[in-house]
file upload.tsv (TSV, C-alpha atoms)
chain	number	residue	atom	x	y	z
A	184	ARG	CA	8.72	112.26	18.39
A	185	VAL	CA	5.47	110.53	17.45
A	186	PHE	CA	5.75	108.69	14.14
A	187	ALA	CA	2.67	107.79	12.08
A	188	THR	CA	2.73	106.49	8.54
A	189	PHE	CA	1.42	108.86	5.87
A	190	HIS	CA	0.16	106.88	2.87
A	191	ASP	CA	0.53	109.07	-0.21
A	192	ASN	CA	-2.21	109.44	-2.84
A	193	LYS	CA	-5.09	108.24	-0.68
A	194	PRO	CA	-8.44	109.56	-1.98
A	195	LEU	CA	-9.12	111.83	1.01
A	196	GLU	CA	-5.69	113.49	0.97
A	197	PRO	CA	-6.92	116.61	-0.95
A	198	PHE	CA	-9.52	117.18	1.79
A	199	VAL	CA	-7.13	116.92	4.74
A	200	ILE	CA	-6.95	120.25	6.59
A	201	GLN	CA	-4.41	119.41	9.28
A	202	GLN	CA	-0.74	119.81	8.40
A	203	TRP	CA	0.84	116.36	8.60
A	204	ASN	CA	4.42	115.41	9.33
A	205	ASP	CA	5.16	112.83	6.67
A	206	PHE	CA	6.67	109.69	8.24
A	207	ASN	CA	8.30	108.90	4.91
A	208	VAL	CA	10.56	111.98	4.79
A	209	LYS	CA	14.17	110.76	4.73
A	210	VAL	CA	17.41	112.45	5.73
A	211	ASN	CA	21.05	111.33	5.59
A	212	LEU	CA	22.48	110.80	9.06
A	213	SER	CA	24.98	108.53	10.75
A	214	LEU	CA	23.63	106.13	13.36
A	215	HIS	CA	25.48	108.20	15.97
A	216	GLU	CA	23.44	111.23	14.92
A	217	VAL	CA	20.22	109.21	14.98
A	218	LEU	CA	20.86	108.31	18.61
A	219	THR	CA	22.22	111.64	19.85
A	220	THR	CA	20.48	114.43	17.89
A	221	ALA	CA	19.20	117.13	20.25
A	222	HIS	CA	19.91	114.94	23.26
A	223	GLU	CA	21.06	117.96	25.24
A	224	ASP	CA	17.53	119.45	25.19
A	225	HIS	CA	15.57	117.96	28.08
A	226	ASN	CA	12.20	119.18	26.76
A	227	LEU	CA	11.01	116.23	24.65
A	228	GLN	CA	8.51	118.38	22.77
A	229	GLU	CA	11.29	120.67	21.51
A	230	GLN	CA	13.70	117.94	20.46
A	231	THR	CA	14.28	116.56	16.98
A	232	PHE	CA	13.88	112.80	16.70
A	233	TYR	CA	15.08	110.52	13.93
A	234	TYR	CA	14.13	106.88	13.55
A	235	PHE	CA	16.29	104.55	11.47
A	236	SER	CA	14.53	101.74	9.62
A	237	ASP	CA	15.56	99.70	6.60
A	238	ASP	CA	15.24	96.28	5.02
A	239	LEU	CA	17.89	94.29	6.84
A	240	LEU	CA	18.40	91.87	3.98
A	241	LYS	CA	19.35	94.77	1.70
A	242	ILE	CA	21.85	96.25	4.16
A	243	ARG	CA	23.26	92.91	5.35
A	244	PRO	CA	26.86	93.88	4.40
A	245	GLN	CA	26.73	96.84	6.82
A	246	PHE	CA	25.21	94.75	9.66
A	247	PRO	CA	26.48	91.19	9.11
A	248	ASP	CA	26.01	90.08	12.71
A	249	VAL	CA	22.41	91.26	13.11
A	250	VAL	CA	20.72	88.92	10.62
A	251	ARG	CA	21.63	85.86	12.69
A	252	TYR	CA	19.14	86.96	15.37
A	253	VAL	CA	16.24	86.11	13.04
A	254	GLU	CA	17.67	82.96	11.52
A	255	PRO	CA	16.50	80.50	10.42
A	256	LEU	CA	14.24	83.06	8.73
A	257	ASP	CA	11.80	80.44	7.46
A	258	ASP	CA	10.69	79.75	11.04
A	259	LEU	CA	9.35	83.33	11.29
A	260	VAL	CA	7.67	83.53	7.87
A	261	LEU	CA	4.09	82.29	7.96
A	262	THR	CA	3.10	83.18	4.38
A	263	PRO	CA	5.31	83.61	1.29
A	264	GLU	CA	3.85	87.03	0.45
A	265	GLY	CA	5.12	90.41	1.64
A	266	VAL	CA	8.15	89.09	3.52
A	267	GLN	CA	10.29	91.87	4.96
A	268	VAL	CA	13.02	91.89	7.62
A	269	ASN	CA	13.55	95.30	9.22
A	270	LEU	CA	16.19	96.86	11.42
A	271	TRP	CA	14.98	99.61	13.78
A	272	VAL	CA	17.32	101.97	15.62
A	273	GLY	CA	16.14	104.87	17.76
A	274	ARG	CA	16.76	106.84	20.89
A	275	GLU	CA	14.74	107.18	24.06
A	276	GLY	CA	11.47	109.06	23.64
A	277	ILE	CA	10.43	107.90	20.17
A	278	VAL	CA	6.80	106.81	19.90
A	279	THR	CA	5.12	104.89	17.08
A	280	HIS	CA	1.46	105.92	16.99
A	281	THR	CA	-1.21	103.28	17.62
A	282	HIS	CA	-1.87	101.29	14.45
A	283	TYR	CA	-2.44	97.82	13.08
A	284	ASP	CA	-0.56	95.90	10.40
A	285	ALA	CA	-2.19	93.37	8.08
A	286	SER	CA	0.79	91.10	8.61
A	287	TYR	CA	2.32	88.63	11.03
A	288	ASN	CA	4.95	90.41	13.08
A	289	PHE	CA	7.80	88.68	14.93
A	290	PHE	CA	9.57	91.44	16.86
A	291	VAL	CA	13.01	90.80	18.42
A	292	GLN	CA	14.60	93.24	20.86
A	293	LEU	CA	18.41	93.33	20.62
A	294	GLN	CA	19.36	96.33	22.75
A	295	GLY	CA	17.52	98.67	25.10
A	296	LYS	CA	13.88	98.58	26.08
A	297	LYS	CA	10.59	99.17	24.30
A	298	ARG	CA	7.06	99.30	25.70
A	299	PHE	CA	4.17	97.95	23.61
A	300	THR	CA	0.58	98.85	24.38
A	301	LEU	CA	-1.56	96.28	22.56
A	302	PHE	CA	-5.27	96.19	21.74
A	303	ALA	CA	-7.06	93.16	20.32
A	304	PRO	CA	-9.14	93.65	17.14
A	305	GLY	CA	-12.65	94.98	17.63
A	306	GLN	CA	-11.83	97.41	20.41
A	307	PRO	CA	-13.05	101.04	20.03
A	308	LEU	CA	-9.83	102.53	18.66
A	309	TYR	CA	-11.56	104.90	16.18
A	310	LEU	CA	-9.74	104.00	12.99
A	311	TYR	CA	-8.98	106.67	10.46
A	312	PRO	CA	-11.03	106.09	7.29
A	313	SER	CA	-9.33	103.58	5.01
A	314	LEU	CA	-9.32	106.34	2.34
A	315	HIS	CA	-7.31	108.66	4.63
A	316	PRO	CA	-3.49	109.04	4.51
A	317	HIS	CA	-3.31	107.65	8.07
A	318	TYR	CA	-5.14	104.47	7.05
A	319	GLY	CA	-4.63	101.71	9.62
A	320	HIS	CA	-3.98	104.13	12.49
A	321	SER	CA	-6.11	104.99	15.49
A	322	GLN	CA	-7.32	108.57	15.80
A	323	VAL	CA	-6.95	108.37	19.58
A	324	ASP	CA	-3.89	109.68	21.39
A	325	ILE	CA	-3.84	106.92	23.98
A	326	SER	CA	-1.50	108.91	26.25
A	327	GLN	CA	-4.09	111.75	26.45
A	328	PRO	CA	-7.42	110.42	25.14
A	329	ASN	CA	-10.18	112.94	24.41
A	330	PHE	CA	-13.22	111.14	25.79
A	331	THR	CA	-15.57	113.84	24.47
A	332	ILE	CA	-14.68	112.95	20.88
A	333	PHE	CA	-13.79	109.30	21.55
A	334	PRO	CA	-16.21	108.26	24.33
A	335	GLN	CA	-16.13	104.52	23.56
A	336	PHE	CA	-12.36	104.41	24.05
A	337	ALA	CA	-13.09	104.23	27.78
A	338	ARG	CA	-14.11	100.61	27.13
A	339	ALA	CA	-10.76	99.69	25.55
A	340	ASN	CA	-8.73	97.03	27.32
A	341	PRO	CA	-5.01	97.54	26.65
A	342	LEU	CA	-2.27	95.01	27.30
A	343	VAL	CA	1.12	96.56	28.17
A	344	VAL	CA	4.28	94.58	27.48
A	345	ASP	CA	7.91	95.62	27.99
A	346	VAL	CA	10.49	93.91	25.78
A	347	PHE	CA	14.16	93.61	26.75
A	348	PRO	CA	17.25	92.29	24.93
A	349	GLY	CA	16.64	88.68	23.90
A	350	ASP	CA	12.84	88.95	24.03
A	351	MET	CA	10.62	88.15	21.06
A	352	LEU	CA	7.10	89.57	20.87
A	353	VAL	CA	4.65	88.02	18.39
A	354	ILE	CA	1.99	90.50	17.23
A	355	PRO	CA	-0.91	88.90	15.35
A	356	PRO	CA	-2.39	90.63	12.30
A	357	PHE	CA	-4.86	93.46	13.01
A	358	TRP	CA	-3.75	93.84	16.62
A	359	PHE	CA	-3.27	97.54	17.36
A	360	HIS	CA	0.06	98.43	18.91
A	361	HIS	CA	1.52	101.65	20.29
A	362	VAL	CA	5.30	101.48	20.74
A	363	GLU	CA	7.42	103.65	23.03
A	364	THR	CA	11.21	103.54	22.99
A	365	VAL	CA	12.01	103.63	26.71
A	366	GLU	CA	15.79	103.28	26.28
A	367	GLU	CA	18.14	103.65	23.31
A	368	SER	CA	17.03	100.74	21.19
A	369	VAL	CA	18.02	98.32	18.45
A	370	SER	CA	15.34	95.91	17.20
A	371	VAL	CA	14.64	93.56	14.33
A	372	ASN	CA	11.28	92.36	13.09
A	373	VAL	CA	9.99	89.99	10.42
A	374	TRP	CA	6.76	90.71	8.54
A	375	SER	CA	4.81	88.42	6.24
A	376	ASP	CA	1.37	89.14	4.81
A	377	ALA	CA	-1.62	87.97	6.81
A	378	ASP	CA	-4.02	85.52	5.20
A	379	GLU	CA	-6.70	88.22	5.55
A	380	LEU	CA	-4.68	90.64	3.43
A	381	ILE	CA	-4.34	88.07	0.67
A	382	ILE	CA	-8.08	87.41	0.84
A	383	MET	CA	-8.83	91.15	0.63
A	384	HIS	CA	-6.68	91.40	-2.50
A	385	ASP	CA	-8.97	88.77	-4.03
A	386	ILE	CA	-12.07	90.64	-2.86
A	387	TYR	CA	-10.88	93.93	-4.36
A	388	GLN	CA	-10.39	92.19	-7.71
A	389	GLN	CA	-14.07	91.28	-7.95
A	390	ALA	CA	-16.11	93.26	-10.45
A	391	ILE	CA	-18.72	95.70	-9.12
A	392	PRO	CA	-22.00	95.00	-10.96
A	393	PHE	CA	-22.86	98.63	-11.72
A	394	GLU	CA	-23.49	100.27	-15.09
A	395	GLU	CA	-21.09	103.01	-16.19
A	396	HIS	CA	-23.90	105.12	-17.65
A	397	TRP	CA	-25.76	105.42	-14.33
A	398	ASN	CA	-25.99	109.00	-13.05
A	399	LEU	CA	-25.09	110.14	-9.52
A	400	THR	CA	-28.55	109.43	-8.13
A	401	MET	CA	-28.56	105.90	-9.50
A	402	MET	CA	-25.01	105.28	-8.22
A	403	VAL	CA	-26.04	106.38	-4.73
A	404	ILE	CA	-29.02	104.03	-4.88
A	405	ALA	CA	-26.81	101.20	-6.15
A	406	VAL	CA	-24.13	101.64	-3.46
A	407	ARG	CA	-26.78	101.73	-0.75
A	408	ALA	CA	-28.56	98.63	-2.09
A	409	TYR	CA	-25.46	96.58	-2.92
A	410	THR	CA	-23.69	97.23	0.36
A	411	GLN	CA	-26.84	96.30	2.26
A	412	MET	CA	-27.01	93.00	0.38
A	413	VAL	CA	-23.33	92.26	1.09
A	414	VAL	CA	-23.61	93.03	4.81
A	415	VAL	CA	-26.81	91.01	5.27
A	416	ALA	CA	-25.29	88.07	3.37
A	417	LEU	CA	-22.57	88.00	6.05
A	418	ASP	CA	-25.23	87.80	8.78
A	419	GLU	CA	-24.41	91.27	10.05
A	420	ASP	CA	-26.76	94.13	10.87
A	421	PHE	CA	-26.52	96.69	8.08
A	422	ASN	CA	-27.25	99.76	10.21
A	423	SER	CA	-24.76	98.71	12.89
A	424	VAL	CA	-21.95	98.15	10.37
A	425	TRP	CA	-22.46	101.46	8.60
A	426	ASP	CA	-22.99	103.25	11.92
A	427	SER	CA	-19.57	102.08	13.09
A	428	VAL	CA	-17.93	103.31	9.87
A	429	LEU	CA	-19.58	106.72	10.25
A	430	LYS	CA	-19.23	107.26	14.01
A	431	GLU	CA	-15.85	105.63	14.56
A	432	ARG	CA	-14.04	106.63	11.36
A	433	TYR	CA	-15.57	109.71	9.74
A	434	GLN	CA	-17.37	111.79	12.35
A	435	PRO	CA	-14.36	112.15	14.70
A	436	VAL	CA	-11.98	113.30	11.96
A	437	VAL	CA	-14.58	115.85	10.79
A	438	GLN	CA	-15.43	116.89	14.35
A	439	ARG	CA	-11.76	117.64	15.04
A	440	GLY	CA	-11.66	119.88	11.97
A	441	HIS	CA	-9.15	117.69	10.14
A	442	LEU	CA	-11.25	117.03	7.04
A	443	SER	CA	-12.96	119.62	4.86
A	444	ILE	CA	-16.53	119.09	3.67
A	445	ASN	CA	-17.72	120.07	0.20
A	446	GLN	CA	-21.02	121.82	0.93
A	447	THR	CA	-22.30	121.44	-2.62
A	448	ALA	CA	-21.72	117.69	-2.44
A	449	MET	CA	-23.39	117.60	0.97
A	450	ASP	CA	-26.47	119.43	-0.34
A	451	THR	CA	-26.69	117.26	-3.47
A	452	THR	CA	-26.33	114.00	-1.58
A	453	THR	CA	-28.81	115.09	1.08
A	454	LYS	CA	-31.36	115.90	-1.63
A	455	ILE	CA	-30.89	112.46	-3.18
A	456	CYS	CA	-31.05	110.53	0.08
A	457	ILE	CA	-33.83	112.35	1.90
A	458	SER	CA	-36.51	110.48	-0.05
A	459	LYS	CA	-34.80	107.07	0.37
A	460	PRO	CA	-35.12	106.20	-3.32
A	461	TRP	CA	-33.48	102.79	-2.85
A	462	ASP	CA	-36.64	101.48	-1.14
A	463	SER	CA	-38.40	101.38	-4.49
A	464	GLN	CA	-35.37	100.18	-6.46
A	465	ILE	CA	-33.82	97.46	-4.33
A	466	SER	CA	-36.22	94.72	-5.53
A	467	LYS	CA	-35.34	95.57	-9.14
A	468	LEU	CA	-31.60	95.47	-8.42
A	469	THR	CA	-31.58	92.26	-6.40
A	470	SER	CA	-31.26	89.92	-9.37
A	471	THR	CA	-28.53	92.14	-10.88
A	472	PHE	CA	-26.51	92.21	-7.67
A	473	SER	CA	-27.04	88.65	-6.44
A	474	ARG	CA	-24.21	87.11	-8.43
A	475	GLY	CA	-21.71	89.66	-7.10
A	476	VAL	CA	-22.89	89.10	-3.52
A	477	ASP	CA	-22.70	85.32	-3.97
A	478	THR	CA	-19.07	85.72	-5.09
A	479	LEU	CA	-18.08	88.00	-2.20
A	480	ARG	CA	-19.67	86.04	0.64
A	481	PRO	CA	-17.42	82.94	0.56
A	482	LEU	CA	-14.35	85.16	0.29
A	483	PHE	CA	-15.29	87.19	3.36
A	484	ILE	CA	-16.20	84.01	5.27
A	485	LYS	CA	-12.59	82.85	4.82
A	486	ILE	CA	-11.71	85.59	7.34
A	487	ILE	CA	-12.42	83.41	10.35
A	488	GLU	CA	-12.29	85.92	13.20
A	489	ARG	CA	-15.40	88.10	13.12
A	490	ARG	CA	-13.71	91.13	14.67
A	491	VAL	CA	-11.11	91.17	11.89
A	492	ARG	CA	-13.77	90.49	9.26
A	493	LEU	CA	-15.69	93.58	10.39
A	494	VAL	CA	-12.59	95.77	10.01
A	495	CYS	CA	-12.02	94.36	6.51
A	496	LEU	CA	-15.71	94.76	5.66
A	497	GLY	CA	-15.61	98.42	6.68
A	498	ASN	CA	-12.54	98.93	4.49
A	499	TYR	CA	-14.31	97.23	1.57
A	500	LEU	CA	-17.44	99.35	1.92
A	501	GLU	CA	-15.36	102.53	1.83
A	502	ARG	CA	-13.41	101.24	-1.16
A	503	LEU	CA	-16.61	100.31	-3.00
A	504	ALA	CA	-18.16	103.73	-2.38
A	505	VAL	CA	-15.15	105.70	-3.60
A	506	THR	CA	-14.83	103.50	-6.69
A	507	VAL	CA	-18.21	104.64	-8.04
A	508	LEU	CA	-18.94	107.93	-6.25
A	509	PRO	CA	-16.96	111.19	-6.46
A	510	VAL	CA	-14.75	111.35	-3.37
A	511	GLU	CA	-16.37	114.58	-2.14
A	512	HIS	CA	-19.65	112.66	-1.80
A	513	ILE	CA	-18.26	109.91	0.44
A	514	PHE	CA	-18.78	111.51	3.86
A	515	PRO	CA	-22.16	113.00	2.86
A	516	PHE	CA	-23.23	109.54	1.66
A	517	PHE	CA	-22.30	107.90	4.96
A	518	LEU	CA	-23.97	110.70	6.93
A	519	LYS	CA	-27.20	111.08	4.98
A	520	CYS	CA	-27.91	107.83	3.14
A	521	ILE	CA	-27.73	105.21	5.86

call {"tool": "encode", "arguments": {"input": "upload.tsv", "output": "structure tokens"}}
result
Amino acid sequence: RVFATFHDNKPLEPFVIQQWNDFNVKVNLSLHEVLTTAHEDHNLQEQTFYYFSDDLLKIRPQFPDVVRYVEPLDDLVLTPEGVQVNLWVGREGIVTHTHYDASYNFFVQLQGKKRFTLFAPGQPLYLYPSLHPHYGHSQVDISQPNFTIFPQFARANPLVVDVFPGDMLVIPPFWFHHVETVEESVSVNVWSDADELIIMHDIYQQAIPFEEHWNLTMMVIAVRAYTQMVVVALDEDFNSVWDSVLKERYQPVVQRGHLSINQTAMDTTTKICISKPWDSQISKLTSTFSRGVDTLRPLFIKIIERRVRLVCLGNYLERLAVTVLPVEHIFPFFLKCI
């Protein structure tokens, strides 16, 4: 009954130990079956739940009267990129796991009741690594939080909102939301890409100033030095930024036994990092890396809200590391080289 998006082909997928229920699995059912399947079983944990979702503009002929609830559409589209209008139909008991979207979200409730639990950006939600199939989702089960593994979640400040027929809820980009279907529900929402997502596309297009012939040791040194220069250029504390990536994203998923560790990669990376070889190399690399840093800084600064910028920065640092290091070395690098 808890739905969480599974992004296929993410770099860490081969190392995932836990068996995942893929949100993207599709079955052919009538809407009647979607709303009534296993309704006679009062034990929610034993029931089968189906959640209907599709692009409303594609299925307009089947639902001609629904589109008018989000018209004029232009009023709900804040950027021209990534525009999607969705119809959602589900029965009581369905839960969408806590996650953020890098998009503007105008959510309209047409029938029934839904309960949103919202968290502003920057709260300790313990994101999955951006390289993980559950990228963008919180690792915390907010209905039964494990404070031993997620101690900082105790500081989170949720906002709970119930939406009824005729209500519109506006969810800003990067706001976490957990959604419970309280009553049989029909909803429509309009997405358009956030400015921050468009900026990040530009950032990911920037060349990484590394040499292809560098060996693993030199790549580790380069990632450590370059990321430090990028973080400092944004007036952030390098150790604090990397510490949050390690302790909030990677350590919990490893601690819960959901991600396997390659011991050979751990030993190799530890051997490289124990002597802190970047201390002697960073002055030599500064001139090589300065142009790349000077290009990245104004792009990141376009992300006005610092809390959102830090999320995007963490995603970029992961992406940079996996671009030049073998994926099995990513967690060891975060653990041993910072």

call {"tool": "atom_distance", "arguments": {"input": "upload.tsv", "atom1": "atom CA of A:Ala448", "atom2": "atom CA of A:Asp426"}}
result
20.4 Å

call {"tool": "residues_near_point", "arguments": {"input": "upload.tsv", "point": "(-11.6, 86.9, 0.4)", "cutoff": "12 Å", "atoms": "all atoms listed in the file", "output": "list in words"}}
result
Ala377, Asp378, Glu379, Leu380, Ile381, Ile382, Met383, His384, Asp385, Ile386, Tyr387, Gln388, Gln389, Thr478, Leu479, Arg480, Pro481, Leu482, Phe483, Ile484, Lys485, Ile486, Ile487, Arg492, Cys495, Leu496 and Tyr499 of chain A

call {"tool": "closest_residue", "arguments": {"input": "upload.tsv", "among": "A:Glu196, A:Asp345, A:Asp376, A:Asp238", "to": "A:Thr364", "atoms": "only C-alpha atoms"}}
result
A:Asp345

call {"tool": "closest_residue", "arguments": {"input": "upload.tsv", "among": "A:Val494, A:Val268, A:Gly276, A:Pro460", "to": "A:Pro356", "atoms": "all atoms listed in the file"}}
result
A:Val494

call {"tool": "closest_residue", "arguments": {"input": "upload.tsv", "among": "A:Tyr252, A:Phe289, A:Tyr309, A:Phe186", "to": "A:Pro435", "atoms": "only C-alpha atoms"}}
result
A:Tyr309

call {"tool": "residues_around", "arguments": {"input": "upload.tsv", "residues": "A:Val369", "least_positions_apart": "6", "cutoff": "8 Å", "atoms": "only C-alpha atoms", "output": "list in words"}}
result
Leu270, Trp271, Val272, Gly273, Gln292, Leu293, Gln294 and Gly295 of chain A

call {"tool": "closest_residue", "arguments": {"input": "upload.tsv", "among": "A:Phe235, A:Tyr409, A:Tyr433, A:Tyr311", "to": "A:Ser370", "atoms": "only C-alpha atoms"}}
result
A:Phe235

call {"tool": "closest_residue", "arguments": {"input": "upload.tsv", "among": "A:Ile325, A:Val414, A:Val373, A:Val343", "to": "A:Val250", "atoms": "only C-alpha atoms"}}
result
A:Val373

call {"tool": "residues_around", "arguments": {"input": "upload.tsv", "residues": "A:His315", "least_positions_apart": "4", "cutoff": "9 Å", "atoms": "all atoms listed in the file", "output": "number ranges by chain"}}
result
A: 189-190, 193-196, 199, 311, 319

call {"tool": "write_last_selection", "arguments": {"input": "upload.tsv", "atoms": "C-alpha atoms", "output": "PDB file, keeping the file's coordinate frame"}}
result
ATOM      1  CA  PHE A 189       1.420 108.860   5.870  1.00  0.00           C
ATOM      2  CA  HIS A 190       0.160 106.880   2.870  1.00  0.00           C
ATOM      3  CA  LYS A 193      -5.090 108.240  -0.680  1.00  0.00           C
ATOM      4  CA  PRO A 194      -8.440 109.560  -1.980  1.00  0.00           C
ATOM      5  CA  LEU A 195      -9.120 111.830   1.010  1.00  0.00           C
ATOM      6  CA  GLU A 196      -5.690 113.490   0.970  1.00  0.00           C
ATOM      7  CA  VAL A 199      -7.130 116.920   4.740  1.00  0.00           C
ATOM      8  CA  TYR A 311      -8.980 106.670  10.460  1.00  0.00           C
ATOM      9  CA  GLY A 319      -4.630 101.710   9.620  1.00  0.00           C
TER      10      GLY A 319
END

call {"tool": "atom_distance", "arguments": {"input": "upload.tsv", "atom1": "atom CA of A:Gly475", "atom2": "atom CA of A:Phe393"}}
result
10.2 Å

call {"tool": "closest_residue", "arguments": {"input": "upload.tsv", "among": "A:Ala337, A:Ile513, A:Leu352, A:Leu399", "to": "A:Ser443", "atoms": "all atoms listed in the file"}}
result
A:Ile513

call {"tool": "decode", "arguments": {"input": "upload.tsv", "residues": "stretch 364-387 of chain A", "atoms": "N, CA and C atoms", "output": "PDB file, in the first residue's frame"}}
result
ATOM      1  N   THR A 364      -4.152   8.476   1.177  1.00  0.00           N
ATOM      2  CA  THR A 364      -5.512   8.523   0.672  1.00  0.00           C
ATOM      3  C   THR A 364      -6.445   8.108   1.806  1.00  0.00           C
ATOM      4  N   VAL A 365      -7.143   9.070   2.377  1.00  0.00           N
ATOM      5  CA  VAL A 365      -7.998   8.832   3.541  1.00  0.00           C
ATOM      6  C   VAL A 365      -9.352   8.265   3.116  1.00  0.00           C
ATOM      7  N   GLU A 366      -9.849   8.726   1.970  1.00  0.00           N
ATOM      8  CA  GLU A 366     -11.103   8.228   1.396  1.00  0.00           C
ATOM      9  C   GLU A 366     -10.887   7.969  -0.094  1.00  0.00           C
ATOM     10  N   GLU A 367     -11.705   7.102  -0.663  1.00  0.00           N
ATOM     11  CA  GLU A 367     -11.644   6.856  -2.113  1.00  0.00           C
ATOM     12  C   GLU A 367     -11.493   8.182  -2.838  1.00  0.00           C
ATOM     13  N   SER A 368     -10.490   8.261  -3.730  1.00  0.00           N
ATOM     14  CA  SER A 368     -10.038   9.575  -4.160  1.00  0.00           C
ATOM     15  C   SER A 368      -9.841   9.672  -5.669  1.00  0.00           C
ATOM     16  N   VAL A 369     -10.197  10.854  -6.192  1.00  0.00           N
ATOM     17  CA  VAL A 369      -9.871  11.234  -7.564  1.00  0.00           C
ATOM     18  C   VAL A 369      -9.210  12.612  -7.494  1.00  0.00           C
ATOM     19  N   SER A 370      -8.030  12.723  -8.100  1.00  0.00           N
ATOM     20  CA  SER A 370      -7.261  13.969  -8.037  1.00  0.00           C
ATOM     21  C   SER A 370      -6.632  14.248  -9.393  1.00  0.00           C
ATOM     22  N   VAL A 371      -6.293  15.510  -9.590  1.00  0.00           N
ATOM     23  CA  VAL A 371      -5.564  15.942 -10.784  1.00  0.00           C
ATOM     24  C   VAL A 371      -4.423  16.840 -10.318  1.00  0.00           C
ATOM     25  N   ASN A 372      -3.270  16.709 -10.964  1.00  0.00           N
ATOM     26  CA  ASN A 372      -2.212  17.671 -10.654  1.00  0.00           C
ATOM     27  C   ASN A 372      -1.506  18.109 -11.923  1.00  0.00           C
ATOM     28  N   VAL A 373      -0.875  19.274 -11.841  1.00  0.00           N
ATOM     29  CA  VAL A 373      -0.114  19.829 -12.966  1.00  0.00           C
ATOM     30  C   VAL A 373       1.323  20.043 -12.507  1.00  0.00           C
ATOM     31  N   TRP A 374       2.262  19.415 -13.221  1.00  0.00           N
ATOM     32  CA  TRP A 374       3.691  19.594 -12.961  1.00  0.00           C
ATOM     33  C   TRP A 374       4.317  20.455 -14.054  1.00  0.00           C
ATOM     34  N   SER A 375       5.271  21.268 -13.676  1.00  0.00           N
ATOM     35  CA  SER A 375       6.195  21.880 -14.640  1.00  0.00           C
ATOM     36  C   SER A 375       7.544  21.989 -13.951  1.00  0.00           C
ATOM     37  N   ASP A 376       8.610  21.833 -14.733  1.00  0.00           N
ATOM     38  CA  ASP A 376       9.954  21.762 -14.166  1.00  0.00           C
ATOM     39  C   ASP A 376      10.288  23.015 -13.355  1.00  0.00           C
ATOM     40  N   ALA A 377      10.933  22.780 -12.211  1.00  0.00           N
ATOM     41  CA  ALA A 377      11.424  23.888 -11.401  1.00  0.00           C
ATOM     42  C   ALA A 377      12.608  24.552 -12.092  1.00  0.00           C
ATOM     43  N   ASP A 378      12.792  25.830 -11.801  1.00  0.00           N
ATOM     44  CA  ASP A 378      13.958  26.542 -12.325  1.00  0.00           C
ATOM     45  C   ASP A 378      15.242  25.838 -11.906  1.00  0.00           C
ATOM     46  N   GLU A 379      15.257  25.301 -10.674  1.00  0.00           N
ATOM     47  CA  GLU A 379      16.454  24.632 -10.164  1.00  0.00           C
ATOM     48  C   GLU A 379      16.803  23.398 -10.981  1.00  0.00           C
ATOM     49  N   LEU A 380      15.790  22.683 -11.454  1.00  0.00           N
ATOM     50  CA  LEU A 380      16.049  21.501 -12.280  1.00  0.00           C
ATOM     51  C   LEU A 380      16.686  21.897 -13.605  1.00  0.00           C
ATOM     52  N   ILE A 381      16.200  22.966 -14.185  1.00  0.00           N
ATOM     53  CA  ILE A 381      16.766  23.459 -15.445  1.00  0.00           C
ATOM     54  C   ILE A 381      18.211  23.906 -15.244  1.00  0.00           C
ATOM     55  N   ILE A 382      18.467  24.565 -14.118  1.00  0.00           N
ATOM     56  CA  ILE A 382      19.836  24.988 -13.797  1.00  0.00           C
ATOM     57  C   ILE A 382      20.740  23.764 -13.629  1.00  0.00           C
ATOM     58  N   MET A 383      20.243  22.733 -12.934  1.00  0.00           N
ATOM     59  CA  MET A 383      21.064  21.538 -12.718  1.00  0.00           C
ATOM     60  C   MET A 383      21.375  20.831 -14.027  1.00  0.00           C
ATOM     61  N   HIS A 384      20.457  20.869 -14.982  1.00  0.00           N
ATOM     62  CA  HIS A 384      20.754  20.304 -16.299  1.00  0.00           C
ATOM     63  C   HIS A 384      21.949  21.028 -16.908  1.00  0.00           C
ATOM     64  N   ASP A 385      22.003  22.351 -16.749  1.00  0.00           N
ATOM     65  CA  ASP A 385      23.139  23.121 -17.255  1.00  0.00           C
ATOM     66  C   ASP A 385      24.422  22.742 -16.515  1.00  0.00           C
ATOM     67  N   ILE A 386      24.314  22.576 -15.204  1.00  0.00           N
ATOM     68  CA  ILE A 386      25.495  22.225 -14.400  1.00  0.00           C
ATOM     69  C   ILE A 386      26.051  20.864 -14.808  1.00  0.00           C
ATOM     70  N   TYR A 387      25.162  19.901 -15.031  1.00  0.00           N
ATOM     71  CA  TYR A 387      25.621  18.557 -15.402  1.00  0.00           C
ATOM     72  C   TYR A 387      26.250  18.523 -16.795  1.00  0.00           C
TER      73      TYR A 387
END
